[in-house]
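The structure under discussion appears below in the form of structure tokens.
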Amino acid sequence: MTLIKRRNFIKGAASVAGLSLAAPFISRSYAQGSSGSVNIFAWAGYLNDEMLAAFEKETGIKANYTPYGTNDELLNQLRANNGGGFDIIWPTVDRVPNYVEFELVQPIDESKVNVDNCLPSAWKNSENLGAVIDGKRYQVPTDWGTEAVSFDKDQAPLDYGTASYGDIWKPEMKSKATVRGHSGLVGLGLWLEGEGKLPMPMTDAFKSEENMVKIYDVILEEAIARKANIAQFWSNENEAQGAFRVNGCAIGQTWDSTAAALAKEGLPIGFIAPKEGALAWMEGVAIPKGAENLDQAYAFINWFLTPEAGAMYTNATSINSTAVGAADKTSDDAKAFFAAAYPEDALDKLWWWPIQESWFVAKRNEYQDRFLSA
């Protein structure tokens, strides 16, 4: 049951976008590069020594990995370098239009990608989530995951069906919660929407600045009134884990990988999709405008889309691979984490991040700053 669900995870996005699953693509050759190096700028924790060694053994290419903590850090670094310095970057799909707008990435040459190794649903639905702009693809989808509710099983037990983003903001969680500033406002907004307290659906905030102001003014007022709940804000993986490990948090809105890492340490931390829907994101690799090792970049993309690499990635991060067959090769622990996080109809209720255009990101950050400084 779990494996079937994992393979069909993106049907939530398909229903939102009004799309059907794409047919399999024709197979293409494996890796173009067989020597040299590739410079990868990716999220902290996404690549470990085992994966880098496996890639080099398989392709003969040396991978140089530089980690970052946020989408904004990635974007700012690439803008500072005018699209140079790296051969591979790893933005979330909803932010890809920002890189295209600033002319920082180049179109993907699909003839060099083993498209048939990517889940057809992920490939197709990424078109509407930000990977394809003006008919050109700028990102290959490689992984997906969620931001939902992490909780201490002893101090704040939660069950699927009743668990809610609202649990983070209850009075009894005073000084026990952690959220990321900007996405915490979205989670709070989804709870308020369910309570009938928003002037329009949360997704309408992404359509115009006028809509956003009307919606976010309501959310911000509520967030400030309940700010005493927040013991620590987080902006990257290390900070999110530290909130539970060091700073006494019992509940929070975090990435799936945060809870998985804490559970591996033996802490009583669970992760559950709330009734409003887990915030779902898709990521993938893009090639910067100034990439100097193109063959090696495509070799990395094709290696990462193999079931073996996909399973290795999921086992290490508890983030889900888009590689066909990867789910079958993941560890029992990874399968168990997935089943516990997304039981019953949780995958049907995924709340996929809409495209975040530059105007939205700028305004979003303004509201975040007002919340943090209140």
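Going by the structure tokens order, chains are called A, B, ..., each with residues numbered from 1, while ligands are numbered from 1 in the order shown.
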
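Secondary structure of segment 99-246 of chain A, strand (DSSP E or B) only (DSSP, backbone atoms): A:Val105, A:Gln106, A:Cys118, A:Val132, A:Ile133, A:Lys136, A:Arg137, A:Val140, A:Pro141, A:Thr142, A:Asp143, A:Trp144, A:Gly145, A:Thr146, A:Glu147, A:Ala148, A:Val149, A:Ser150, A:Phe151, A:Asp152, A:Ala177, A:Thr178, A:Val179, A:Arg180, A:Ile230, A:Ala231, A:Gln232, A:Phe233, A:Trp234.
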
For N, CA, C and O atoms, I'd like the residues from the last selection saved as a short mmCIF file (atom, residue, chain, number, x, y, z; two decimals), in the first residue's frame.
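Output below, filename part_12.cif:
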data_model
loop_
_atom_site.label_atom_id
_atom_site.label_comp_id
_atom_site.auth_asym_id
_atom_site.auth_seq_id
_atom_site.Cartn_x
_atom_site.Cartn_y
_atom_site.Cartn_z
N VAL A 105 19.88 31.00 -15.16
CA VAL A 105 19.92 29.59 -15.52
C VAL A 105 19.69 29.43 -17.02
O VAL A 105 19.18 30.33 -17.68
N GLN A 106 20.09 28.29 -17.54
CA GLN A 106 19.92 28.01 -18.96
C GLN A 106 18.89 26.90 -19.17
O GLN A 106 18.66 26.07 -18.28
N CYS A 118 12.53 9.42 -14.75
CA CYS A 118 11.82 10.30 -13.83
C CYS A 118 10.34 9.92 -13.82
O CYS A 118 9.76 9.64 -14.89
N VAL A 132 8.80 24.88 -16.19
CA VAL A 132 8.74 25.23 -17.61
C VAL A 132 8.19 26.64 -17.76
O VAL A 132 7.12 26.96 -17.24
N ILE A 133 8.94 27.48 -18.47
CA ILE A 133 8.56 28.87 -18.67
C ILE A 133 8.68 29.21 -20.15
O ILE A 133 9.72 28.94 -20.77
N LYS A 136 10.00 26.48 -22.38
CA LYS A 136 11.34 25.94 -22.15
C LYS A 136 11.45 25.39 -20.73
O LYS A 136 11.03 26.04 -19.78
N ARG A 137 12.05 24.20 -20.61
CA ARG A 137 12.24 23.60 -19.30
C ARG A 137 13.57 24.07 -18.71
O ARG A 137 14.61 24.03 -19.35
N VAL A 140 14.99 19.88 -13.89
CA VAL A 140 14.64 18.46 -13.90
C VAL A 140 14.19 18.08 -12.49
O VAL A 140 14.96 18.20 -11.54
N PRO A 141 12.94 17.64 -12.31
CA PRO A 141 12.47 17.30 -10.96
C PRO A 141 13.18 16.07 -10.43
O PRO A 141 13.24 15.04 -11.10
N THR A 142 13.72 16.19 -9.22
CA THR A 142 14.49 15.09 -8.64
C THR A 142 13.95 14.60 -7.31
O THR A 142 14.22 13.46 -6.92
N ASP A 143 13.19 15.42 -6.60
CA ASP A 143 12.74 15.02 -5.27
C ASP A 143 11.55 15.86 -4.83
O ASP A 143 11.30 16.93 -5.38
N TRP A 144 10.84 15.35 -3.85
CA TRP A 144 9.71 16.09 -3.31
C TRP A 144 9.57 15.76 -1.83
O TRP A 144 10.02 14.73 -1.36
N GLY A 145 8.97 16.68 -1.12
CA GLY A 145 8.75 16.46 0.31
C GLY A 145 7.72 17.44 0.82
O GLY A 145 7.05 18.12 0.04
N THR A 146 7.63 17.54 2.12
CA THR A 146 6.60 18.41 2.70
C THR A 146 7.12 19.14 3.93
O THR A 146 8.12 18.78 4.54
N GLU A 147 6.40 20.18 4.24
CA GLU A 147 6.52 20.86 5.52
C GLU A 147 5.19 20.65 6.22
O GLU A 147 4.14 21.01 5.69
N ALA A 148 5.24 20.03 7.38
CA ALA A 148 4.01 19.72 8.10
C ALA A 148 4.29 19.85 9.60
O ALA A 148 5.10 20.69 10.01
N VAL A 149 3.66 19.02 10.42
CA VAL A 149 3.76 19.20 11.86
C VAL A 149 4.66 18.14 12.48
O VAL A 149 4.38 16.94 12.41
N SER A 150 5.75 18.60 13.09
CA SER A 150 6.60 17.74 13.90
C SER A 150 6.15 17.88 15.35
O SER A 150 5.81 18.98 15.79
N PHE A 151 6.19 16.78 16.09
CA PHE A 151 5.66 16.84 17.45
C PHE A 151 6.36 15.85 18.36
O PHE A 151 6.81 14.79 17.93
N ASP A 152 6.47 16.22 19.62
CA ASP A 152 7.00 15.34 20.65
C ASP A 152 5.88 14.38 21.05
O ASP A 152 4.83 14.80 21.52
N ALA A 177 6.82 26.05 20.78
CA ALA A 177 6.64 25.83 19.34
C ALA A 177 7.77 26.46 18.54
O ALA A 177 8.43 27.41 18.98
N THR A 178 7.97 25.93 17.32
CA THR A 178 8.93 26.49 16.38
C THR A 178 8.32 26.52 14.98
O THR A 178 7.61 25.58 14.59
N VAL A 179 8.55 27.59 14.27
CA VAL A 179 8.11 27.71 12.87
C VAL A 179 9.16 28.51 12.11
O VAL A 179 9.98 29.21 12.70
N ARG A 180 9.13 28.39 10.80
CA ARG A 180 9.89 29.29 9.93
C ARG A 180 9.00 30.50 9.67
O ARG A 180 7.80 30.36 9.48
N ILE A 230 5.94 30.87 20.20
CA ILE A 230 7.17 30.55 19.48
C ILE A 230 8.39 30.70 20.39
O ILE A 230 8.78 31.80 20.78
N ALA A 231 9.01 29.55 20.68
CA ALA A 231 10.23 29.54 21.47
C ALA A 231 11.44 29.86 20.60
O ALA A 231 12.41 30.47 21.05
N GLN A 232 11.36 29.44 19.34
CA GLN A 232 12.47 29.68 18.41
C GLN A 232 11.95 29.67 16.98
O GLN A 232 11.15 28.82 16.61
N PHE A 233 12.43 30.62 16.19
CA PHE A 233 12.19 30.59 14.76
C PHE A 233 13.35 29.84 14.10
O PHE A 233 14.47 29.85 14.59
N TRP A 234 13.06 29.19 12.97
CA TRP A 234 14.13 28.52 12.23
C TRP A 234 14.13 29.01 10.79
O TRP A 234 13.10 29.45 10.27
#

Near segment 71-73 of chain A, within 8 Å and counting only C-alpha atoms, which residues show up once chain neighbours fewer than 4 positions away are dropped, as a JSON list (two decimals) with N, CA, C and O atoms, in the first residue's frame?
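Okay, this is what ended up in part-v7.json:
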[["chain", "number", "residue", "atom", "x", "y", "z"],
["A", 77, "GLN", "N", 23.41, 34.19, -3.90],
["A", 77, "GLN", "CA", 24.77, 33.79, -4.28],
["A", 77, "GLN", "C", 24.90, 33.74, -5.79],
["A", 77, "GLN", "O", 25.89, 34.20, -6.36],
["A", 91, "PRO", "N", 17.13, 24.49, -6.72],
["A", 91, "PRO", "CA", 16.03, 25.30, -6.20],
["A", 91, "PRO", "C", 14.72, 24.51, -6.11],
["A", 91, "PRO", "O", 14.53, 23.50, -6.79],
["A", 92, "THR", "N", 13.81, 24.99, -5.26],
["A", 92, "THR", "CA", 12.46, 24.43, -5.29],
["A", 92, "THR", "C", 11.78, 24.91, -6.57],
["A", 92, "THR", "O", 12.08, 25.99, -7.09],
["A", 95, "ARG", "N", 10.25, 28.40, -7.19],
["A", 95, "ARG", "CA", 11.14, 29.56, -7.24],
["A", 95, "ARG", "C", 11.95, 29.64, -8.54],
["A", 95, "ARG", "O", 12.66, 30.62, -8.77]]

Counting only C-alpha atoms, which of A:Phe271, A:Ala261, A:Asn117, A:Glu283 gets nearest to Ala323 of chain A?
A:Asn117

Given only C-alpha atoms as the basis, pick out the residue of A:Trp281, A:Phe55, A:Tyr46, A:Tyr298 nearest to Ile88 of chain A.
A:Tyr298
